[in-house]
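*Asks:* To start, I am sharing the structure in question, which I have written as C-alpha cells.
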Amino acid sequence: MSDCCSVKSNSKVPDVAACPMNGARSKQVDMLTVRSLVRQLPLGMPNDQYYFCEARDCDVVYFSFDPQAPIFRREHLMVRVGAKETADPIPICYCFGFTRQDIWDEIRSTGKSTVAERITTEVKAGHCACEVKNPSGKCCLGDVTRAAMDGLSVVGTKSF
Ligand SMILES: [Zn+2]
C-alpha cells in the first residue's frame, strides 16, 4: 500500500507535461525516438518517460520529470527540429526528406501541393519510420498539411 515506488510507474505519468524552460505543453515521446535522435546518450541514462517541447522559441527538445535525467537541447540532436527552425532548410517529413522549401516550391510552380498524397502512398506501403526519424516521434502528415496551407497563403495562388 506504500506509494514509495509509484514514481517509477509509467502508467502514472501524465500525457502532457510543461516544458521546464518555457512551460509549453509538451506531449509524450517514446524512449526509442529519444535514443534514435540524440547524438550522444549519457551512460546509465534512466528509462524515464520523456516529453517533446515543440515551441519555436525554446531550445529544449526532450525533458522528463526526473530531475536526475538529462534534458536534451537542439544541439544534442542529429537532425534539425523543424518545429523550432525559422530558417531553411526546415525539415517537415523526416522519412522521405521533404522540407518546407520543397512543399513551397511545388506550390509556387504548380499552385498546389501533392506532398501529403505522396507521403500517404509511401506510408501505406510501409515505408515510414517516424518513431526513429521525426523528433516528435509522430507522423508528419499534419505538419505537411499545415506547411502546404501556409505556403498557399504566402504564395497567394488565385486558383483557390
Ligand atoms: Zn520548451
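Here's how to read the names in the C-alpha cells: chain A, B, ... by the order shown, residue numbers from 1 in each chain, ligand numbers from 1 in the order shown.
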Given a cut-off of 6 Å, what residues near ligand 1 show up using only C-alpha atoms and all ligand atoms, put as a list in words?

*Replies:*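 Protein and nucleic-acid residues within 6 Å of ligand 1: Cys19, Met21, Asn22, Ala24, Cys53, Ala55, Cys58 and Val60 of chain A.
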
*Asks:* Keeping all heavy atoms for every residue in the selection just given, could you write it to a file as a short mmCIF file (atom, residue, chain, number, x, y, z; two decimals), in the first residue's frame?

*Replies:*
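And here's again_17.cif as it stands now:
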data_model
loop_
_atom_site.label_atom_id
_atom_site.label_comp_id
_atom_site.auth_asym_id
_atom_site.auth_seq_id
_atom_site.Cartn_x
_atom_site.Cartn_y
_atom_site.Cartn_z
N CYS A 19 7.06 22.16 -20.31
CA CYS A 19 8.50 22.27 -20.53
C CYS A 19 9.13 23.07 -19.39
O CYS A 19 8.61 24.12 -19.01
CB CYS A 19 8.74 22.97 -21.87
SG CYS A 19 10.46 23.43 -22.12
N MET A 21 11.62 24.86 -19.37
CA MET A 21 12.20 26.12 -19.81
C MET A 21 11.14 27.18 -20.05
O MET A 21 11.22 28.29 -19.55
CB MET A 21 13.01 25.88 -21.10
CG MET A 21 13.89 27.02 -21.50
SD MET A 21 15.12 27.38 -20.24
CE MET A 21 16.33 26.11 -20.61
N ASN A 22 10.14 26.85 -20.84
CA ASN A 22 9.16 27.88 -21.20
C ASN A 22 7.73 27.52 -20.84
O ASN A 22 6.81 28.26 -21.15
CB ASN A 22 9.26 28.19 -22.71
CG ASN A 22 8.78 27.02 -23.54
OD1 ASN A 22 8.69 25.91 -23.05
ND2 ASN A 22 8.45 27.28 -24.78
N ALA A 24 5.77 25.30 -22.06
CA ALA A 24 4.90 24.87 -23.16
C ALA A 24 4.37 23.47 -22.90
O ALA A 24 5.11 22.60 -22.42
CB ALA A 24 5.67 24.91 -24.48
N CYS A 53 9.21 19.11 -26.39
CA CYS A 53 8.76 20.50 -26.45
C CYS A 53 8.91 20.98 -27.89
O CYS A 53 10.00 20.97 -28.44
CB CYS A 53 9.60 21.39 -25.53
SG CYS A 53 9.22 23.15 -25.75
N ALA A 55 7.89 24.05 -28.96
CA ALA A 55 7.79 25.51 -29.03
C ALA A 55 8.97 26.08 -29.82
O ALA A 55 10.11 25.68 -29.62
CB ALA A 55 7.74 26.11 -27.64
N CYS A 58 11.99 27.92 -27.96
CA CYS A 58 12.59 27.20 -26.84
C CYS A 58 13.67 26.24 -27.34
O CYS A 58 13.48 25.56 -28.34
CB CYS A 58 11.51 26.45 -26.09
SG CYS A 58 12.12 25.55 -24.68
N VAL A 60 14.91 23.70 -25.57
CA VAL A 60 14.74 22.36 -25.03
C VAL A 60 13.96 21.50 -26.02
O VAL A 60 12.93 21.93 -26.55
CB VAL A 60 13.98 22.41 -23.68
CG1 VAL A 60 13.59 21.01 -23.22
CG2 VAL A 60 14.84 23.10 -22.63
#

*Asks:* Check stretch 54-118 of chain A with DSSP on the backbone and list each residue it calls strand (DSSP E), as a ChimeraX atom specification.

*Replies:* /A:60-63,72-73,91-93,98-99

*Asks:* With a distance cut-off of 12 Å and only C-alpha atoms, select the neighbouring residues of A:Asn47, excluding the residue or stretch itself and same-chain residues fewer than 3 positions from it, and output the selection as a compact mmCIF listing (two decimals) with N, CA, C and O atoms, in the first residue's frame.

*Replies:*
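In the end it all went to out13.txt:
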# COMPACT_ATOMS: atom_id res chain seq x y z
N LYS A 8 8.16 5.37 -10.21
CA LYS A 8 8.73 4.55 -11.28
C LYS A 8 7.66 3.99 -12.21
O LYS A 8 7.99 3.41 -13.24
N SER A 9 6.40 4.11 -11.83
CA SER A 9 5.35 3.52 -12.63
C SER A 9 4.99 4.41 -13.81
O SER A 9 4.50 5.52 -13.64
N ASN A 10 5.21 3.91 -15.01
CA ASN A 10 4.99 4.71 -16.20
C ASN A 10 3.52 4.96 -16.49
O ASN A 10 3.18 5.91 -17.17
N ASP A 30 8.38 8.59 -27.24
CA ASP A 30 8.95 7.29 -26.91
C ASP A 30 10.44 7.38 -26.65
O ASP A 30 11.14 8.12 -27.33
N MET A 31 10.92 6.57 -25.71
CA MET A 31 12.35 6.50 -25.47
C MET A 31 13.08 6.07 -26.75
O MET A 31 14.20 6.48 -27.00
N LEU A 32 12.42 5.27 -27.57
CA LEU A 32 13.02 4.84 -28.83
C LEU A 32 13.38 6.05 -29.70
O LEU A 32 14.45 6.10 -30.31
N VAL A 34 13.90 9.18 -28.60
CA VAL A 34 14.98 9.91 -27.93
C VAL A 34 16.32 9.23 -28.22
O VAL A 34 17.30 9.86 -28.62
N ARG A 35 16.34 7.91 -28.06
CA ARG A 35 17.57 7.16 -28.28
C ARG A 35 18.05 7.24 -29.72
O ARG A 35 19.25 7.20 -29.99
N LEU A 41 24.02 9.68 -26.13
CA LEU A 41 23.26 9.46 -24.89
C LEU A 41 24.24 9.26 -23.75
O LEU A 41 25.22 8.54 -23.90
N PRO A 42 23.98 9.90 -22.61
CA PRO A 42 24.86 9.69 -21.46
C PRO A 42 24.76 8.24 -20.98
O PRO A 42 23.72 7.61 -21.13
N LEU A 43 25.84 7.75 -20.42
CA LEU A 43 25.83 6.39 -19.87
C LEU A 43 24.88 6.33 -18.68
O LEU A 43 24.73 7.31 -17.96
N GLY A 44 24.25 5.19 -18.51
CA GLY A 44 23.37 5.00 -17.36
C GLY A 44 22.17 5.91 -17.36
O GLY A 44 21.68 6.33 -16.31
N TYR A 50 9.89 10.51 -21.50
CA TYR A 50 10.33 11.81 -21.97
C TYR A 50 9.19 12.55 -22.67
O TYR A 50 8.23 11.93 -23.12
N SER A 64 12.32 15.16 -19.06
CA SER A 64 11.48 14.27 -18.28
C SER A 64 11.25 14.90 -16.91
O SER A 64 11.85 15.92 -16.58
N PHE A 65 10.37 14.31 -16.11
CA PHE A 65 10.09 14.84 -14.78
C PHE A 65 11.24 14.62 -13.82
O PHE A 65 11.37 15.29 -12.82
N ASP A 66 12.02 13.59 -14.11
CA ASP A 66 13.09 13.18 -13.21
C ASP A 66 14.20 14.22 -13.21
O ASP A 66 14.84 14.46 -14.24
N GLN A 68 17.05 14.02 -12.15
CA GLN A 68 18.35 13.40 -12.44
C GLN A 68 18.52 13.15 -13.94
O GLN A 68 19.63 12.95 -14.41
N ALA A 69 17.44 13.11 -14.64
CA ALA A 69 17.51 12.75 -16.06
C ALA A 69 17.97 13.95 -16.89
O ALA A 69 17.58 15.08 -16.60
N PRO A 70 18.82 13.69 -17.86
CA PRO A 70 19.31 14.80 -18.68
C PRO A 70 18.20 15.43 -19.53
O PRO A 70 17.27 14.75 -19.94

*Asks:* What is the atom CA of A:Val79-atom CA of A:Val155 distance in Å, reported with one decimal?

*Replies:* 27.6 Å

*Asks:* Compare A:Cys140, A:Val81, A:Ala147, A:Ala87 by their minimum atom-to-atom distance to A:Ser113, counting only C-alpha atoms, and give me the closest one.

*Replies:*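 Between A:Cys140, A:Val81, A:Ala147, A:Ala87, the residue approaching A:Ser113 most closely is A:Ala147.
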
*Asks:* Rank nothing, just name the residue among A:Ala83, A:Ile71, A:Met78, A:Val16 nearest to A:Gln40, using only C-alpha atoms.

*Replies:* A:Met78

*Asks:* Would you work out the distance separating atom CA of A:Tyr94 from atom CA of A:Arg25, expressed in Å to one decimal?

*Replies:*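 Atom-to-atom, atom CA of A:Tyr94 to atom CA of A:Arg25, that is 22.8 Å.
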
*Asks:* Just give me the gap between atom CA of A:Val154 and atom CA of A:Asp57 in Å, one decimal is fine.

*Replies:* 21.8 Å

*Asks:* Just the residues within 12 Å of A:Leu141, please, counting only C-alpha atoms, with nothing from its chain fewer than 4 positions along; format it as a ChimeraX atom specification.

*Replies:* /A:92-96,98,114-123,128,130,134,145-148

*Asks:* Can you spit out the residues from that selection as a CSV table (one decimal), in the first residue's frame, using N, CA and C atoms?

*Replies:*
chain,number,residue,atom,x,y,z
A,92,ILE,N,10.3,18.9,-42.7
A,92,ILE,CA,8.9,18.7,-42.3
A,92,ILE,C,8.7,17.2,-42.2
A,93,CYS,N,9.1,16.4,-43.3
A,93,CYS,CA,8.9,15.0,-43.3
A,93,CYS,C,10.3,14.4,-43.3
A,94,TYR,N,10.6,13.7,-42.2
A,94,TYR,CA,11.9,13.1,-42.0
A,94,TYR,C,12.1,11.8,-42.7
A,95,CYS,N,11.1,11.1,-42.9
A,95,CYS,CA,11.2,9.8,-43.5
A,95,CYS,C,11.6,9.9,-45.0
A,96,PHE,N,11.0,10.9,-45.7
A,96,PHE,CA,11.2,11.0,-47.1
A,96,PHE,C,11.9,12.3,-47.5
A,98,PHE,N,11.3,15.6,-47.1
A,98,PHE,CA,10.7,16.8,-47.6
A,98,PHE,C,10.9,18.0,-46.7
A,114,THR,N,1.2,18.3,-53.6
A,114,THR,CA,0.9,16.8,-53.7
A,114,THR,C,1.7,16.0,-52.7
A,115,VAL,N,2.5,16.7,-51.8
A,115,VAL,CA,3.4,16.0,-50.9
A,115,VAL,C,2.7,15.1,-50.0
A,116,ALA,N,1.6,15.6,-49.4
A,116,ALA,CA,0.8,14.8,-48.4
A,116,ALA,C,0.4,13.5,-49.1
A,117,GLU,N,-0.1,13.6,-50.3
A,117,GLU,CA,-0.6,12.4,-51.1
A,117,GLU,C,0.5,11.5,-51.3
A,118,ARG,N,1.7,12.0,-51.7
A,118,ARG,CA,2.8,11.1,-52.0
A,118,ARG,C,3.3,10.4,-50.7
A,119,ILE,N,3.3,11.2,-49.6
A,119,ILE,CA,3.7,10.6,-48.3
A,119,ILE,C,2.7,9.5,-47.9
A,120,THR,N,1.4,9.8,-48.1
A,120,THR,CA,0.4,8.8,-47.7
A,120,THR,C,0.6,7.5,-48.4
A,121,THR,N,0.9,7.6,-49.7
A,121,THR,CA,1.2,6.4,-50.5
A,121,THR,C,2.4,5.6,-49.9
A,122,GLU,N,3.4,6.3,-49.6
A,122,GLU,CA,4.6,5.7,-49.0
A,122,GLU,C,4.3,5.0,-47.7
A,123,VAL,N,3.5,5.7,-46.9
A,123,VAL,CA,3.1,5.2,-45.5
A,123,VAL,C,2.3,3.9,-45.7
A,128,CYS,N,7.5,4.2,-43.8
A,128,CYS,CA,7.8,5.3,-43.0
A,128,CYS,C,8.4,4.8,-41.7
A,130,CYS,N,8.7,7.1,-38.7
A,130,CYS,CA,8.6,8.4,-37.9
A,130,CYS,C,9.1,8.2,-36.5
A,134,ASN,N,11.6,11.2,-37.0
A,134,ASN,CA,10.9,12.5,-36.7
A,134,ASN,C,11.1,12.8,-35.2
A,145,THR,N,0.5,19.1,-44.1
A,145,THR,CA,-0.7,19.8,-44.5
A,145,THR,C,-0.6,21.3,-44.0
A,146,ARG,N,-0.1,21.5,-42.8
A,146,ARG,CA,0.0,22.8,-42.3
A,146,ARG,C,1.0,23.7,-43.1
A,147,ALA,N,2.1,23.1,-43.5
A,147,ALA,CA,3.1,23.8,-44.3
A,147,ALA,C,2.5,24.1,-45.7
A,148,ALA,N,1.7,23.2,-46.2
A,148,ALA,CA,1.1,23.4,-47.5
A,148,ALA,C,0.1,24.6,-47.4

*Asks:* Show which residues sit within 10 Å of A:Glu85, as a PDB file with all heavy atoms, in the first residue's frame. Count only C-alpha atoms, and ignore same-chain residues fewer than 3 positions away.

*Replies:*
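File produced: part.pdb:
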ATOM      1  N   ALA A  55       7.888  24.053 -28.959  1.00  0.00           N
ATOM      2  CA  ALA A  55       7.787  25.513 -29.035  1.00  0.00           C
ATOM      3  C   ALA A  55       8.965  26.082 -29.825  1.00  0.00           C
ATOM      4  O   ALA A  55      10.107  25.684 -29.616  1.00  0.00           O
ATOM      5  CB  ALA A  55       7.744  26.111 -27.643  1.00  0.00           C
ATOM      6  N   ARG A  56       8.666  27.012 -30.720  1.00  0.00           N
ATOM      7  CA  ARG A  56       9.679  27.544 -31.614  1.00  0.00           C
ATOM      8  C   ARG A  56      10.782  28.304 -30.880  1.00  0.00           C
ATOM      9  O   ARG A  56      11.950  28.209 -31.209  1.00  0.00           O
ATOM     10  CB  ARG A  56       9.016  28.457 -32.646  1.00  0.00           C
ATOM     11  CG  ARG A  56       9.998  29.145 -33.578  1.00  0.00           C
ATOM     12  CD  ARG A  56       9.370  29.457 -34.891  1.00  0.00           C
ATOM     13  NE  ARG A  56       9.115  28.217 -35.625  1.00  0.00           N
ATOM     14  CZ  ARG A  56       8.323  28.138 -36.677  1.00  0.00           C
ATOM     15  NH1 ARG A  56       7.683  29.186 -37.096  1.00  0.00           N
ATOM     16  NH2 ARG A  56       8.167  26.996 -37.304  1.00  0.00           N
ATOM     17  N   ASP A  57      10.396  29.063 -29.856  1.00  0.00           N
ATOM     18  CA  ASP A  57      11.369  29.937 -29.189  1.00  0.00           C
ATOM     19  C   ASP A  57      12.111  29.240 -28.048  1.00  0.00           C
ATOM     20  O   ASP A  57      12.774  29.885 -27.261  1.00  0.00           O
ATOM     21  CB  ASP A  57      10.671  31.189 -28.666  1.00  0.00           C
ATOM     22  CG  ASP A  57       9.449  30.829 -27.815  1.00  0.00           C
ATOM     23  OD1 ASP A  57       9.164  29.615 -27.672  1.00  0.00           O
ATOM     24  OD2 ASP A  57       8.791  31.740 -27.312  1.00  0.00           O
ATOM     25  N   ARG A  74      18.485  21.463 -28.614  1.00  0.00           N
ATOM     26  CA  ARG A  74      18.648  21.358 -30.067  1.00  0.00           C
ATOM     27  C   ARG A  74      20.002  20.819 -30.496  1.00  0.00           C
ATOM     28  O   ARG A  74      20.107  20.001 -31.393  1.00  0.00           O
ATOM     29  CB  ARG A  74      18.428  22.722 -30.704  1.00  0.00           C
ATOM     30  CG  ARG A  74      16.974  23.048 -30.854  1.00  0.00           C
ATOM     31  CD  ARG A  74      16.809  24.054 -31.924  1.00  0.00           C
ATOM     32  NE  ARG A  74      17.143  25.361 -31.393  1.00  0.00           N
ATOM     33  CZ  ARG A  74      16.657  26.493 -31.889  1.00  0.00           C
ATOM     34  NH1 ARG A  74      15.853  26.462 -32.908  1.00  0.00           N
ATOM     35  NH2 ARG A  74      16.992  27.627 -31.360  1.00  0.00           N
ATOM     36  N   ARG A  80      17.835  18.647 -37.538  1.00  0.00           N
ATOM     37  CA  ARG A  80      17.221  19.926 -37.225  1.00  0.00           C
ATOM     38  C   ARG A  80      15.771  19.666 -36.840  1.00  0.00           C
ATOM     39  O   ARG A  80      15.092  18.869 -37.479  1.00  0.00           O
ATOM     40  CB  ARG A  80      17.273  20.843 -38.453  1.00  0.00           C
ATOM     41  CG  ARG A  80      18.654  21.403 -38.736  1.00  0.00           C
ATOM     42  CD  ARG A  80      18.743  21.942 -40.159  1.00  0.00           C
ATOM     43  NE  ARG A  80      17.986  23.170 -40.386  1.00  0.00           N
ATOM     44  CZ  ARG A  80      18.440  24.385 -40.091  1.00  0.00           C
ATOM     45  NH1 ARG A  80      19.637  24.543 -39.595  1.00  0.00           N
ATOM     46  NH2 ARG A  80      17.697  25.457 -40.326  1.00  0.00           N
ATOM     47  N   VAL A  81      15.321  20.340 -35.790  1.00  0.00           N
ATOM     48  CA  VAL A  81      13.945  20.164 -35.351  1.00  0.00           C
ATOM     49  C   VAL A  81      13.085  21.197 -36.083  1.00  0.00           C
ATOM     50  O   VAL A  81      13.137  22.386 -35.778  1.00  0.00           O
ATOM     51  CB  VAL A  81      13.820  20.329 -33.820  1.00  0.00           C
ATOM     52  CG1 VAL A  81      12.382  20.118 -33.374  1.00  0.00           C
ATOM     53  CG2 VAL A  81      14.742  19.346 -33.111  1.00  0.00           C
ATOM     54  N   GLY A  82      12.340  20.716 -37.079  1.00  0.00           N
ATOM     55  CA  GLY A  82      11.589  21.606 -37.954  1.00  0.00           C
ATOM     56  C   GLY A  82      10.724  22.595 -37.205  1.00  0.00           C
ATOM     57  O   GLY A  82      10.664  23.778 -37.545  1.00  0.00           O
ATOM     58  N   ASP A  88      15.504  28.204 -43.528  1.00  0.00           N
ATOM     59  CA  ASP A  88      15.624  26.982 -44.329  1.00  0.00           C
ATOM     60  C   ASP A  88      17.012  26.363 -44.156  1.00  0.00           C
ATOM     61  O   ASP A  88      17.963  27.099 -43.943  1.00  0.00           O
ATOM     62  CB  ASP A  88      15.376  27.308 -45.806  1.00  0.00           C
ATOM     63  CG  ASP A  88      13.912  27.679 -46.039  1.00  0.00           C
ATOM     64  OD1 ASP A  88      13.041  27.016 -45.437  1.00  0.00           O
ATOM     65  OD2 ASP A  88      13.672  28.631 -46.784  1.00  0.00           O
ATOM     66  N   PRO A  89      17.176  25.062 -44.284  1.00  0.00           N
ATOM     67  CA  PRO A  89      16.087  24.112 -44.537  1.00  0.00           C
ATOM     68  C   PRO A  89      15.324  23.754 -43.266  1.00  0.00           C
ATOM     69  O   PRO A  89      15.916  23.473 -42.251  1.00  0.00           O
ATOM     70  CB  PRO A  89      16.831  22.868 -45.056  1.00  0.00           C
ATOM     71  CG  PRO A  89      18.184  22.939 -44.417  1.00  0.00           C
ATOM     72  CD  PRO A  89      18.487  24.412 -44.235  1.00  0.00           C
ATOM     73  N   ILE A  90      13.995  23.792 -43.386  1.00  0.00           N
ATOM     74  CA  ILE A  90      13.134  23.405 -42.284  1.00  0.00           C
ATOM     75  C   ILE A  90      12.563  22.030 -42.614  1.00  0.00           C
ATOM     76  O   ILE A  90      11.709  21.912 -43.486  1.00  0.00           O
ATOM     77  CB  ILE A  90      11.995  24.425 -42.091  1.00  0.00           C
ATOM     78  CG1 ILE A  90      12.590  25.802 -41.767  1.00  0.00           C
ATOM     79  CG2 ILE A  90      11.043  23.962 -40.992  1.00  0.00           C
ATOM     80  CD1 ILE A  90      11.566  26.903 -41.600  1.00  0.00           C
ATOM     81  N   PRO A  91      13.078  20.992 -41.956  1.00  0.00           N
ATOM     82  CA  PRO A  91      12.579  19.659 -42.279  1.00  0.00           C
ATOM     83  C   PRO A  91      11.129  19.510 -41.844  1.00  0.00           C
ATOM     84  O   PRO A  91      10.749  19.975 -40.769  1.00  0.00           O
ATOM     85  CB  PRO A  91      13.475  18.711 -41.461  1.00  0.00           C
ATOM     86  CG  PRO A  91      14.407  19.551 -40.679  1.00  0.00           C
ATOM     87  CD  PRO A  91      14.052  20.992 -40.860  1.00  0.00           C
TER      88      PRO A  91
END
